[in-house]
Amino acid sequence: MTELSSKILNSIESVIRFKENSKIVPLHEPFFDDTNAWKYVKNCIDTGWVSSAGDWVNKFEKEICSYTGSPYAVAVNNGTVGLRLALHLLGVRYGDEVLLPPYSFVATANSISHLGAIPHFIDIDKNSLSMSPKSLERRLEKIAYKKEGKVYNKETGRRISALLPVHVFGVPADLISLAKISKNWGIPIVEDAAEALGSWIEQNNKRTHCGLVGEIGVISFNGNKLITTGGGGVVLTKNKELAEKAKHLSTTAKIDHPWEFDHNEIGWNDRLPNLNAALGLSQLEVLEKRLLMKIELINKYKNAFQNIKEVTVFSNKHKSVSNNWLVTILLDIKDKIIAKNERDALLESSHKRKIMLRPLWKPLHKLKIYSKSPRSILKVADELEYKIICLPSSPQLIK
Ligand SMILES: *Cc1c(COP(=O)(O)O)cnc(C)c1O
């Protein structure tokens, strides 16, 4: 173990509590002890409403609207299908290109591929780890042209039909700048807000929940996110027509009728089951409490790392509020190879101590499946590749 790893691990251990009977500290773990989870789920079982219809789904959507300020919300099976549905609704079709940053969970790129479209990577901004507005602007100037209101890539001849920025680890991307570029070019935005429930973008003293600056935003409720429905997601939009279409296409595009099976489009079966919505509602009830615990956790980590000069706890520099989903540290080591060696030593020794640290994702353009995807120069992404590590961040870990 290197000296730096040992200092970092000691600092982590000074913050977190090891759970009784459990020898590992996971990265992010769901928590139900202080919730009505069992009561609500039991209601579904007692009444038989466990599947793709029922009151809990409607209640869950209503609560999501009231918390985020979104006029509409459509609950779906998971974040991945939510993203695919959102891209489809904005007109992404087979053979198009969609622009996204290279650091994200693979689902972001996959949701594009599931439509037969092609992910096209844009460099990141150091301050948010998400799509850099400057890099996006430069890339579009270099490769894009407009024809009859549509935008095309002159190098590939393909249409560029959407932007898909990600709010990485709950830290809001610079959506205000990205939205300006989106407007100038007429390319709509889907926000991957999978990790960003409780994160807000501020402008002129007004706050907008992540997912509501672009045309559509998608939140995930997978088990590792801030709150969970078991598996699930929600599509947010301010646009009534898009919301109605989202609901229609996610429920097999069936025309409402007491007994007839008539479907006017090829839809999907994406609707969130009632059982999952019941669990989700019990989690939404403790969201504010969880967010406060997160603030306490990140402050404790910041304190604990104060005296390690090679480590900075990542926090966003744009005007915005992060939900602090995953506390992230940056290794301030200039040389990439030295940084990688330190990072690997830290990961190795932490796993021996059963503390589940995670590196930043392998950049998506370096996965074999996306190695041929078009991309801008990815200078910042390349610099940061080995310098970012996520710490155990379950709110219930606080000592
Ligand atoms: C979790 C996640 C998704 C996918 O959500 P699922 O509900 O797991 O399908 C997409 N993008 C990001 C950034 C995520 O973290």
# chains A, B, ... in the order shown; residues from 1 in each chain; ligands from 1
call {"tool": "residues_around", "arguments": {"residues": "Phe169 of chain A", "least_positions_apart": "2", "cutoff": "10 Å", "atoms": "only C-alpha atoms", "output": "list of chain:residue names"}}
result
A:Ser104, A:Ser128, A:Leu129, A:Ser130, A:Val166, A:His167, A:Val171, A:Pro172, A:Ala193, A:Ala194, A:Glu195, A:Ala196, A:Lys225, A:Ser322, A:Asn323, A:Asn324, A:Trp325, A:Leu326, A:Val327, A:Thr328, A:Cys390
call {"tool": "select_by_dssp", "arguments": {"residues": "segment 54-271 of chain A", "states": "strand (DSSP E)", "output": "compact mmCIF listing (two decimals) with all heavy atoms, in the first residue's frame"}}
result
# COMPACT_ATOMS: atom_id res chain seq x y z
N TYR A 72 -45.20 17.67 -15.91
CA TYR A 72 -45.57 16.30 -16.29
C TYR A 72 -44.47 15.32 -15.91
O TYR A 72 -43.29 15.66 -15.91
CB TYR A 72 -45.81 16.20 -17.81
CG TYR A 72 -46.79 17.23 -18.30
CD1 TYR A 72 -46.34 18.38 -18.95
CD2 TYR A 72 -48.16 17.06 -18.08
CE1 TYR A 72 -47.23 19.35 -19.35
CE2 TYR A 72 -49.06 18.03 -18.49
CZ TYR A 72 -48.59 19.18 -19.13
OH TYR A 72 -49.48 20.14 -19.52
N ALA A 73 -44.90 14.09 -15.60
CA ALA A 73 -43.93 13.04 -15.28
C ALA A 73 -44.54 11.71 -15.72
O ALA A 73 -45.71 11.45 -15.47
CB ALA A 73 -43.66 13.01 -13.78
N VAL A 74 -43.76 10.90 -16.39
CA VAL A 74 -44.23 9.58 -16.83
C VAL A 74 -43.27 8.53 -16.27
O VAL A 74 -42.09 8.50 -16.62
CB VAL A 74 -44.28 9.49 -18.38
CG1 VAL A 74 -44.74 8.10 -18.82
CG2 VAL A 74 -45.21 10.56 -18.94
N ALA A 75 -43.78 7.69 -15.37
CA ALA A 75 -42.93 6.71 -14.70
C ALA A 75 -42.71 5.50 -15.60
O ALA A 75 -43.65 5.00 -16.23
CB ALA A 75 -43.57 6.27 -13.39
N VAL A 76 -41.48 5.06 -15.69
CA VAL A 76 -41.11 3.95 -16.58
C VAL A 76 -40.29 2.90 -15.83
O VAL A 76 -39.90 3.09 -14.69
CB VAL A 76 -40.32 4.45 -17.82
CG1 VAL A 76 -41.21 5.27 -18.74
CG2 VAL A 76 -39.09 5.27 -17.41
N GLU A 97 -27.05 10.67 -35.48
CA GLU A 97 -26.03 10.78 -34.44
C GLU A 97 -26.59 11.58 -33.27
O GLU A 97 -27.35 12.52 -33.46
CB GLU A 97 -24.77 11.48 -34.99
CG GLU A 97 -24.01 10.61 -35.97
CD GLU A 97 -22.76 11.27 -36.53
OE1 GLU A 97 -22.30 12.28 -35.97
OE2 GLU A 97 -22.25 10.74 -37.55
N VAL A 98 -26.19 11.17 -32.07
CA VAL A 98 -26.56 11.90 -30.85
C VAL A 98 -25.28 12.23 -30.10
O VAL A 98 -24.41 11.37 -29.94
CB VAL A 98 -27.50 11.04 -29.97
CG1 VAL A 98 -27.77 11.73 -28.63
CG2 VAL A 98 -28.81 10.74 -30.69
N LEU A 99 -25.14 13.50 -29.68
CA LEU A 99 -23.92 13.94 -29.02
C LEU A 99 -24.01 13.77 -27.52
O LEU A 99 -25.02 14.15 -26.91
CB LEU A 99 -23.64 15.41 -29.38
CG LEU A 99 -23.71 15.77 -30.87
CD1 LEU A 99 -23.28 17.23 -31.08
CD2 LEU A 99 -22.83 14.86 -31.72
N LEU A 100 -22.96 13.21 -26.93
CA LEU A 100 -22.96 12.93 -25.48
C LEU A 100 -21.52 13.01 -24.95
O LEU A 100 -20.57 12.94 -25.74
CB LEU A 100 -23.56 11.55 -25.20
CG LEU A 100 -22.71 10.30 -25.46
CD1 LEU A 100 -23.33 9.08 -24.81
CD2 LEU A 100 -22.49 10.04 -26.94
N ILE A 118 -26.29 6.58 -33.48
CA ILE A 118 -24.85 6.45 -33.21
C ILE A 118 -24.39 7.50 -32.20
O ILE A 118 -24.60 8.68 -32.41
CB ILE A 118 -24.07 6.58 -34.55
CG1 ILE A 118 -24.35 5.32 -35.37
CG2 ILE A 118 -22.56 6.72 -34.32
CD1 ILE A 118 -24.66 5.57 -36.79
N PRO A 119 -23.77 7.05 -31.11
CA PRO A 119 -23.23 8.00 -30.13
C PRO A 119 -22.03 8.72 -30.71
O PRO A 119 -21.19 8.10 -31.38
CB PRO A 119 -22.80 7.13 -28.94
CG PRO A 119 -23.28 5.75 -29.22
CD PRO A 119 -23.53 5.65 -30.69
N HIS A 120 -21.94 10.00 -30.46
CA HIS A 120 -20.86 10.84 -30.96
C HIS A 120 -20.36 11.63 -29.75
O HIS A 120 -21.12 12.40 -29.15
CB HIS A 120 -21.44 11.74 -32.06
CG HIS A 120 -20.48 12.71 -32.67
ND1 HIS A 120 -20.49 13.03 -34.01
CD2 HIS A 120 -19.48 13.45 -32.15
CE1 HIS A 120 -19.55 13.92 -34.28
NE2 HIS A 120 -18.91 14.19 -33.14
N PHE A 121 -19.09 11.40 -29.38
CA PHE A 121 -18.61 11.90 -28.08
C PHE A 121 -18.02 13.30 -28.16
O PHE A 121 -17.27 13.62 -29.08
CB PHE A 121 -17.58 10.93 -27.51
CG PHE A 121 -18.17 9.57 -27.24
CD1 PHE A 121 -17.89 8.49 -28.09
CD2 PHE A 121 -19.02 9.37 -26.16
CE1 PHE A 121 -18.46 7.24 -27.86
CE2 PHE A 121 -19.59 8.13 -25.93
CZ PHE A 121 -19.31 7.06 -26.78
N ALA A 144 -20.61 20.45 -38.48
CA ALA A 144 -22.06 20.42 -38.73
C ALA A 144 -22.51 21.48 -39.72
O ALA A 144 -21.88 22.52 -39.85
CB ALA A 144 -22.79 20.61 -37.42
N TYR A 145 -23.56 21.19 -40.43
CA TYR A 145 -24.23 22.21 -41.26
C TYR A 145 -25.73 21.99 -41.19
O TYR A 145 -26.21 20.90 -40.90
CB TYR A 145 -23.73 22.15 -42.71
CG TYR A 145 -24.17 20.94 -43.48
CD1 TYR A 145 -25.31 20.99 -44.31
CD2 TYR A 145 -23.47 19.74 -43.40
CE1 TYR A 145 -25.72 19.86 -45.02
CE2 TYR A 145 -23.88 18.62 -44.10
CZ TYR A 145 -25.00 18.68 -44.91
OH TYR A 145 -25.41 17.56 -45.59
N LYS A 146 -26.44 23.11 -41.47
CA LYS A 146 -27.90 23.05 -41.41
C LYS A 146 -28.48 22.97 -42.80
O LYS A 146 -27.99 23.64 -43.71
CB LYS A 146 -28.42 24.34 -40.78
CG LYS A 146 -28.67 24.26 -39.29
CD LYS A 146 -29.50 25.46 -38.90
CE LYS A 146 -29.31 25.78 -37.42
NZ LYS A 146 -30.06 26.93 -37.00
N LYS A 147 -29.51 22.14 -42.95
CA LYS A 147 -30.21 22.09 -44.23
C LYS A 147 -31.69 21.85 -43.96
O LYS A 147 -32.03 20.89 -43.27
CB LYS A 147 -29.62 20.95 -45.09
CG LYS A 147 -29.98 21.05 -46.55
CD LYS A 147 -29.31 19.94 -47.35
CE LYS A 147 -30.34 19.22 -48.20
NZ LYS A 147 -29.80 18.00 -48.79
N LYS A 150 -32.71 21.07 -40.47
CA LYS A 150 -32.08 19.93 -39.81
C LYS A 150 -30.56 20.09 -39.82
O LYS A 150 -30.02 20.79 -40.67
CB LYS A 150 -32.48 18.62 -40.50
CG LYS A 150 -33.95 18.31 -40.27
CD LYS A 150 -34.39 17.04 -40.96
CE LYS A 150 -35.85 16.75 -40.66
NZ LYS A 150 -36.35 15.64 -41.46
N VAL A 151 -29.91 19.41 -38.88
CA VAL A 151 -28.46 19.53 -38.77
C VAL A 151 -27.81 18.21 -39.19
O VAL A 151 -28.27 17.13 -38.79
CB VAL A 151 -28.05 19.89 -37.33
CG1 VAL A 151 -26.54 20.05 -37.21
CG2 VAL A 151 -28.74 21.17 -36.89
N TYR A 152 -26.76 18.32 -40.02
CA TYR A 152 -26.06 17.12 -40.49
C TYR A 152 -24.58 17.19 -40.18
O TYR A 152 -24.00 18.28 -40.08
CB TYR A 152 -26.26 16.96 -42.01
CG TYR A 152 -27.69 16.72 -42.39
CD1 TYR A 152 -28.56 17.79 -42.59
CD2 TYR A 152 -28.19 15.41 -42.51
CE1 TYR A 152 -29.90 17.57 -42.91
CE2 TYR A 152 -29.52 15.19 -42.82
CZ TYR A 152 -30.37 16.27 -43.03
OH TYR A 152 -31.69 16.05 -43.34
N ASN A 153 -23.96 16.04 -40.06
CA ASN A 153 -22.52 15.93 -39.89
C ASN A 153 -21.90 15.81 -41.29
O ASN A 153 -22.19 14.86 -42.03
CB ASN A 153 -22.23 14.66 -39.05
CG ASN A 153 -20.75 14.44 -38.83
OD1 ASN A 153 -19.91 14.97 -39.56
ND2 ASN A 153 -20.43 13.64 -37.82
N ILE A 160 -27.63 14.94 -37.17
CA ILE A 160 -27.38 15.05 -35.72
C ILE A 160 -28.70 15.45 -35.11
O ILE A 160 -29.18 16.57 -35.33
CB ILE A 160 -26.28 16.10 -35.42
CG1 ILE A 160 -24.96 15.67 -36.07
CG2 ILE A 160 -26.12 16.28 -33.91
CD1 ILE A 160 -23.85 16.70 -35.99
N SER A 161 -29.33 14.53 -34.35
CA SER A 161 -30.71 14.83 -33.99
C SER A 161 -30.94 15.13 -32.51
O SER A 161 -32.04 15.54 -32.16
CB SER A 161 -31.64 13.71 -34.47
OG SER A 161 -31.13 12.46 -34.08
N ALA A 162 -29.95 14.95 -31.65
CA ALA A 162 -30.17 15.32 -30.24
C ALA A 162 -28.85 15.47 -29.50
O ALA A 162 -27.82 14.94 -29.93
CB ALA A 162 -31.04 14.27 -29.53
N LEU A 163 -28.92 16.22 -28.38
CA LEU A 163 -27.80 16.32 -27.44
C LEU A 163 -28.21 15.55 -26.19
O LEU A 163 -29.35 15.64 -25.76
CB LEU A 163 -27.54 17.78 -27.06
CG LEU A 163 -27.36 18.78 -28.20
CD1 LEU A 163 -27.17 20.19 -27.61
CD2 LEU A 163 -26.16 18.41 -29.05
N VAL A 190 -31.96 16.00 -24.53
CA VAL A 190 -32.45 15.08 -23.49
C VAL A 190 -31.41 15.14 -22.39
O VAL A 190 -30.22 14.96 -22.65
CB VAL A 190 -32.57 13.63 -24.00
CG1 VAL A 190 -32.90 12.69 -22.85
CG2 VAL A 190 -33.63 13.52 -25.09
N GLU A 191 -31.82 15.43 -21.16
CA GLU A 191 -30.88 15.42 -20.05
C GLU A 191 -30.87 14.05 -19.39
O GLU A 191 -31.92 13.57 -18.95
CB GLU A 191 -31.28 16.46 -19.00
CG GLU A 191 -31.11 17.89 -19.44
CD GLU A 191 -31.62 18.85 -18.36
OE1 GLU A 191 -31.15 18.77 -17.22
OE2 GLU A 191 -32.50 19.66 -18.69
N ASP A 192 -29.70 13.44 -19.32
CA ASP A 192 -29.57 12.22 -18.53
C ASP A 192 -29.40 12.66 -17.08
O ASP A 192 -28.30 12.93 -16.61
CB ASP A 192 -28.38 11.38 -19.00
CG ASP A 192 -28.27 10.06 -18.23
OD1 ASP A 192 -28.85 9.98 -17.14
OD2 ASP A 192 -27.60 9.13 -18.71
N TRP A 200 -30.20 20.82 -8.71
CA TRP A 200 -30.88 21.97 -9.30
C TRP A 200 -29.91 22.87 -10.04
O TRP A 200 -28.76 23.01 -9.64
CB TRP A 200 -31.56 22.80 -8.20
CG TRP A 200 -32.52 22.02 -7.37
CD1 TRP A 200 -32.19 21.15 -6.34
CD2 TRP A 200 -33.94 21.97 -7.49
NE1 TRP A 200 -33.34 20.59 -5.81
CE2 TRP A 200 -34.43 21.08 -6.49
CE3 TRP A 200 -34.86 22.62 -8.33
CZ2 TRP A 200 -35.78 20.82 -6.33
CZ3 TRP A 200 -36.21 22.35 -8.16
CH2 TRP A 200 -36.66 21.46 -7.17
N ILE A 201 -30.43 23.51 -11.07
CA ILE A 201 -29.65 24.48 -11.83
C ILE A 201 -30.18 25.88 -11.48
O ILE A 201 -31.40 26.09 -11.47
CB ILE A 201 -29.79 24.19 -13.34
CG1 ILE A 201 -29.02 22.90 -13.62
CG2 ILE A 201 -29.26 25.33 -14.19
CD1 ILE A 201 -29.37 22.22 -14.86
N GLU A 202 -29.26 26.77 -11.17
CA GLU A 202 -29.70 28.11 -10.75
C GLU A 202 -29.40 29.13 -11.82
O GLU A 202 -28.33 29.13 -12.42
CB GLU A 202 -28.98 28.50 -9.46
CG GLU A 202 -29.53 27.76 -8.27
CD GLU A 202 -28.94 28.23 -6.94
OE1 GLU A 202 -28.01 29.06 -6.95
OE2 GLU A 202 -29.43 27.76 -5.92
N GLN A 203 -30.36 30.00 -12.04
CA GLN A 203 -30.15 31.11 -12.97
C GLN A 203 -31.06 32.25 -12.55
O GLN A 203 -32.26 32.02 -12.29
CB GLN A 203 -30.49 30.67 -14.40
CG GLN A 203 -30.02 31.66 -15.43
CD GLN A 203 -30.56 31.34 -16.81
OE1 GLN A 203 -31.62 30.74 -16.95
NE2 GLN A 203 -29.85 31.75 -17.84
N LYS A 206 -33.35 31.84 -9.70
CA LYS A 206 -34.45 30.89 -9.85
C LYS A 206 -33.83 29.51 -9.99
O LYS A 206 -32.81 29.35 -10.66
CB LYS A 206 -35.23 31.23 -11.13
CG LYS A 206 -36.72 31.04 -11.01
CD LYS A 206 -37.41 31.28 -12.33
CE LYS A 206 -37.66 29.96 -13.03
NZ LYS A 206 -37.66 30.01 -14.48
N ARG A 207 -34.39 28.49 -9.34
CA ARG A 207 -33.80 27.18 -9.53
C ARG A 207 -34.71 26.26 -10.34
O ARG A 207 -35.94 26.29 -10.20
CB ARG A 207 -33.37 26.53 -8.22
CG ARG A 207 -34.34 26.65 -7.07
CD ARG A 207 -33.83 25.87 -5.88
NE ARG A 207 -34.90 24.95 -5.47
CZ ARG A 207 -34.78 24.03 -4.55
NH1 ARG A 207 -33.63 23.85 -3.92
NH2 ARG A 207 -35.80 23.26 -4.24
N THR A 208 -34.09 25.50 -11.21
CA THR A 208 -34.82 24.56 -12.06
C THR A 208 -34.25 23.18 -11.78
O THR A 208 -33.03 23.01 -11.74
CB THR A 208 -34.58 24.91 -13.55
OG1 THR A 208 -34.91 26.28 -13.75
CG2 THR A 208 -35.41 24.04 -14.47
N HIS A 209 -35.13 22.22 -11.58
CA HIS A 209 -34.63 20.86 -11.31
C HIS A 209 -33.93 20.30 -12.54
O HIS A 209 -34.35 20.56 -13.67
CB HIS A 209 -35.77 19.94 -10.89
CG HIS A 209 -35.28 18.68 -10.25
ND1 HIS A 209 -34.87 17.59 -10.98
CD2 HIS A 209 -35.06 18.37 -8.95
CE1 HIS A 209 -34.44 16.65 -10.15
NE2 HIS A 209 -34.55 17.09 -8.91
N ILE A 216 -36.52 17.20 -22.55
CA ILE A 216 -36.93 16.05 -21.72
C ILE A 216 -35.78 15.70 -20.80
O ILE A 216 -34.60 15.81 -21.17
CB ILE A 216 -37.27 14.81 -22.59
CG1 ILE A 216 -38.30 15.16 -23.68
CG2 ILE A 216 -37.80 13.67 -21.73
CD1 ILE A 216 -38.79 13.97 -24.49
N GLY A 217 -36.10 15.27 -19.59
CA GLY A 217 -35.09 14.79 -18.65
C GLY A 217 -35.50 13.42 -18.12
O GLY A 217 -36.70 13.12 -18.06
N VAL A 218 -34.52 12.60 -17.80
CA VAL A 218 -34.83 11.25 -17.31
C VAL A 218 -34.09 10.98 -16.01
O VAL A 218 -32.87 11.17 -15.93
CB VAL A 218 -34.44 10.19 -18.37
CG1 VAL A 218 -34.73 8.79 -17.85
CG2 VAL A 218 -35.19 10.43 -19.67
N ILE A 219 -34.84 10.56 -14.99
CA ILE A 219 -34.25 10.21 -13.69
C ILE A 219 -34.35 8.69 -13.53
O ILE A 219 -35.33 8.09 -13.97
CB ILE A 219 -35.02 10.92 -12.55
CG1 ILE A 219 -34.87 12.44 -12.69
CG2 ILE A 219 -34.51 10.47 -11.18
CD1 ILE A 219 -35.71 13.24 -11.70
N SER A 220 -33.36 8.10 -12.90
CA SER A 220 -33.40 6.65 -12.63
C SER A 220 -33.64 6.40 -11.15
O SER A 220 -33.19 7.16 -10.29
CB SER A 220 -32.08 6.00 -13.04
OG SER A 220 -31.93 4.73 -12.42
N GLY A 233 -37.71 4.45 -13.40
CA GLY A 233 -37.24 5.75 -13.87
C GLY A 233 -38.43 6.64 -14.12
O GLY A 233 -39.59 6.19 -14.04
N VAL A 234 -38.15 7.91 -14.41
CA VAL A 234 -39.24 8.81 -14.75
C VAL A 234 -38.79 9.77 -15.83
O VAL A 234 -37.65 10.21 -15.85
CB VAL A 234 -39.80 9.53 -13.49
CG1 VAL A 234 -38.82 10.57 -12.97
CG2 VAL A 234 -41.14 10.17 -13.77
N VAL A 235 -39.71 10.04 -16.74
CA VAL A 235 -39.46 10.98 -17.83
C VAL A 235 -40.12 12.30 -17.44
O VAL A 235 -41.32 12.33 -17.17
CB VAL A 235 -40.07 10.43 -19.14
CG1 VAL A 235 -39.97 11.45 -20.26
CG2 VAL A 235 -39.40 9.12 -19.54
N LEU A 236 -39.33 13.38 -17.38
CA LEU A 236 -39.85 14.69 -17.02
C LEU A 236 -39.91 15.58 -18.25
O LEU A 236 -38.99 15.56 -19.07
CB LEU A 236 -38.94 15.40 -16.01
CG LEU A 236 -38.62 14.73 -14.69
CD1 LEU A 236 -37.70 15.63 -13.87
CD2 LEU A 236 -39.88 14.41 -13.92
N THR A 237 -40.96 16.36 -18.36
CA THR A 237 -41.01 17.35 -19.44
C THR A 237 -42.00 18.45 -19.10
O THR A 237 -42.95 18.24 -18.34
CB THR A 237 -41.36 16.71 -20.80
OG1 THR A 237 -41.34 17.71 -21.80
CG2 THR A 237 -42.72 16.03 -20.79
call {"tool": "closest_residue", "arguments": {"among": "A:Ile389, A:Ala53, A:Gly170, A:Ser70", "to": "Ala339 of chain A", "atoms": "only C-alpha atoms"}}
result
A:Ile389
call {"tool": "atom_distance", "arguments": {"atom1": "atom CA of Ser393 of chain A", "atom2": "atom CA of Leu281 of chain A"}}
result
21.8 Å
call {"tool": "closest_residue", "arguments": {"among": "A:Trp38, A:Phe305, A:Phe105, A:Trp268", "to": "ligand 1", "atoms": "only C-alpha atoms and all ligand atoms"}}
result
A:Phe105
call {"tool": "closest_residue", "arguments": {"among": "A:Leu90, A:Leu197, A:Leu136, A:Leu115", "to": "ligand 1", "atoms": "only C-alpha atoms and all ligand atoms"}}
result
A:Leu197
call {"tool": "residues_around", "arguments": {"residues": "segment 376-388 of chain A", "least_positions_apart": "4", "cutoff": "8 Å", "atoms": "only C-alpha atoms", "output": "PyMOL selection string"}}
result
chain A and resi 102-103+121-126+135+139+328-333+336+339-340+343+359-360+362-363
call {"tool": "closest_residue", "arguments": {"among": "A:Leu287, A:Ile12, A:Ala107, A:Leu367", "to": "ligand 1", "atoms": "only C-alpha atoms and all ligand atoms"}}
result
A:Ala107
call {"tool": "atom_distance", "arguments": {"atom1": "atom CA of Tyr301 of chain A", "atom2": "atom CA of Pro395 of chain A"}}
result
12.2 Å
call {"tool": "decode", "arguments": {"residues": "segment 278-312 of chain A", "atoms": "C-alpha atoms", "output": "PDB file, in the first residue's frame"}}
result
ATOM      1  CA  ALA A 278     -45.381   2.039  -3.984  1.00  0.00           C
ATOM      2  CA  LEU A 279     -41.801   1.417  -2.896  1.00  0.00           C
ATOM      3  CA  GLY A 280     -40.766   4.629  -4.649  1.00  0.00           C
ATOM      4  CA  LEU A 281     -43.375   6.711  -2.867  1.00  0.00           C
ATOM      5  CA  SER A 282     -42.113   5.495   0.486  1.00  0.00           C
ATOM      6  CA  GLN A 283     -38.634   6.582  -0.599  1.00  0.00           C
ATOM      7  CA  LEU A 284     -39.769   9.994  -1.858  1.00  0.00           C
ATOM      8  CA  GLU A 285     -41.139  10.656   1.624  1.00  0.00           C
ATOM      9  CA  VAL A 286     -37.600  10.549   3.041  1.00  0.00           C
ATOM     10  CA  LEU A 287     -35.854  12.311   0.145  1.00  0.00           C
ATOM     11  CA  GLU A 288     -35.342  15.636   1.952  1.00  0.00           C
ATOM     12  CA  LYS A 289     -33.940  13.821   4.948  1.00  0.00           C
ATOM     13  CA  ARG A 290     -31.559  11.835   2.732  1.00  0.00           C
ATOM     14  CA  LEU A 291     -30.357  15.005   1.027  1.00  0.00           C
ATOM     15  CA  LEU A 292     -29.506  16.547   4.396  1.00  0.00           C
ATOM     16  CA  MET A 293     -27.620  13.401   5.401  1.00  0.00           C
ATOM     17  CA  LYS A 294     -25.685  13.668   2.140  1.00  0.00           C
ATOM     18  CA  ILE A 295     -24.604  17.209   2.955  1.00  0.00           C
ATOM     19  CA  GLU A 296     -23.407  16.052   6.355  1.00  0.00           C
ATOM     20  CA  LEU A 297     -21.530  13.152   4.735  1.00  0.00           C
ATOM     21  CA  ILE A 298     -19.738  15.262   2.120  1.00  0.00           C
ATOM     22  CA  ASN A 299     -18.780  17.861   4.733  1.00  0.00           C
ATOM     23  CA  LYS A 300     -17.282  15.148   6.919  1.00  0.00           C
ATOM     24  CA  TYR A 301     -15.320  13.798   3.975  1.00  0.00           C
ATOM     25  CA  LYS A 302     -14.106  17.318   3.125  1.00  0.00           C
ATOM     26  CA  ASN A 303     -12.887  17.737   6.685  1.00  0.00           C
ATOM     27  CA  ALA A 304     -11.189  14.385   6.727  1.00  0.00           C
ATOM     28  CA  PHE A 305      -9.268  15.132   3.510  1.00  0.00           C
ATOM     29  CA  GLN A 306      -8.269  18.645   4.461  1.00  0.00           C
ATOM     30  CA  ASN A 307      -4.672  17.762   5.177  1.00  0.00           C
ATOM     31  CA  ILE A 308      -3.986  15.540   2.173  1.00  0.00           C
ATOM     32  CA  LYS A 309      -2.638  17.872  -0.439  1.00  0.00           C
ATOM     33  CA  GLU A 310      -3.005  15.425  -3.347  1.00  0.00           C
ATOM     34  CA  VAL A 311      -6.750  15.054  -2.750  1.00  0.00           C
ATOM     35  CA  THR A 312      -9.644  17.418  -3.473  1.00  0.00           C
TER      36      THR A 312
END
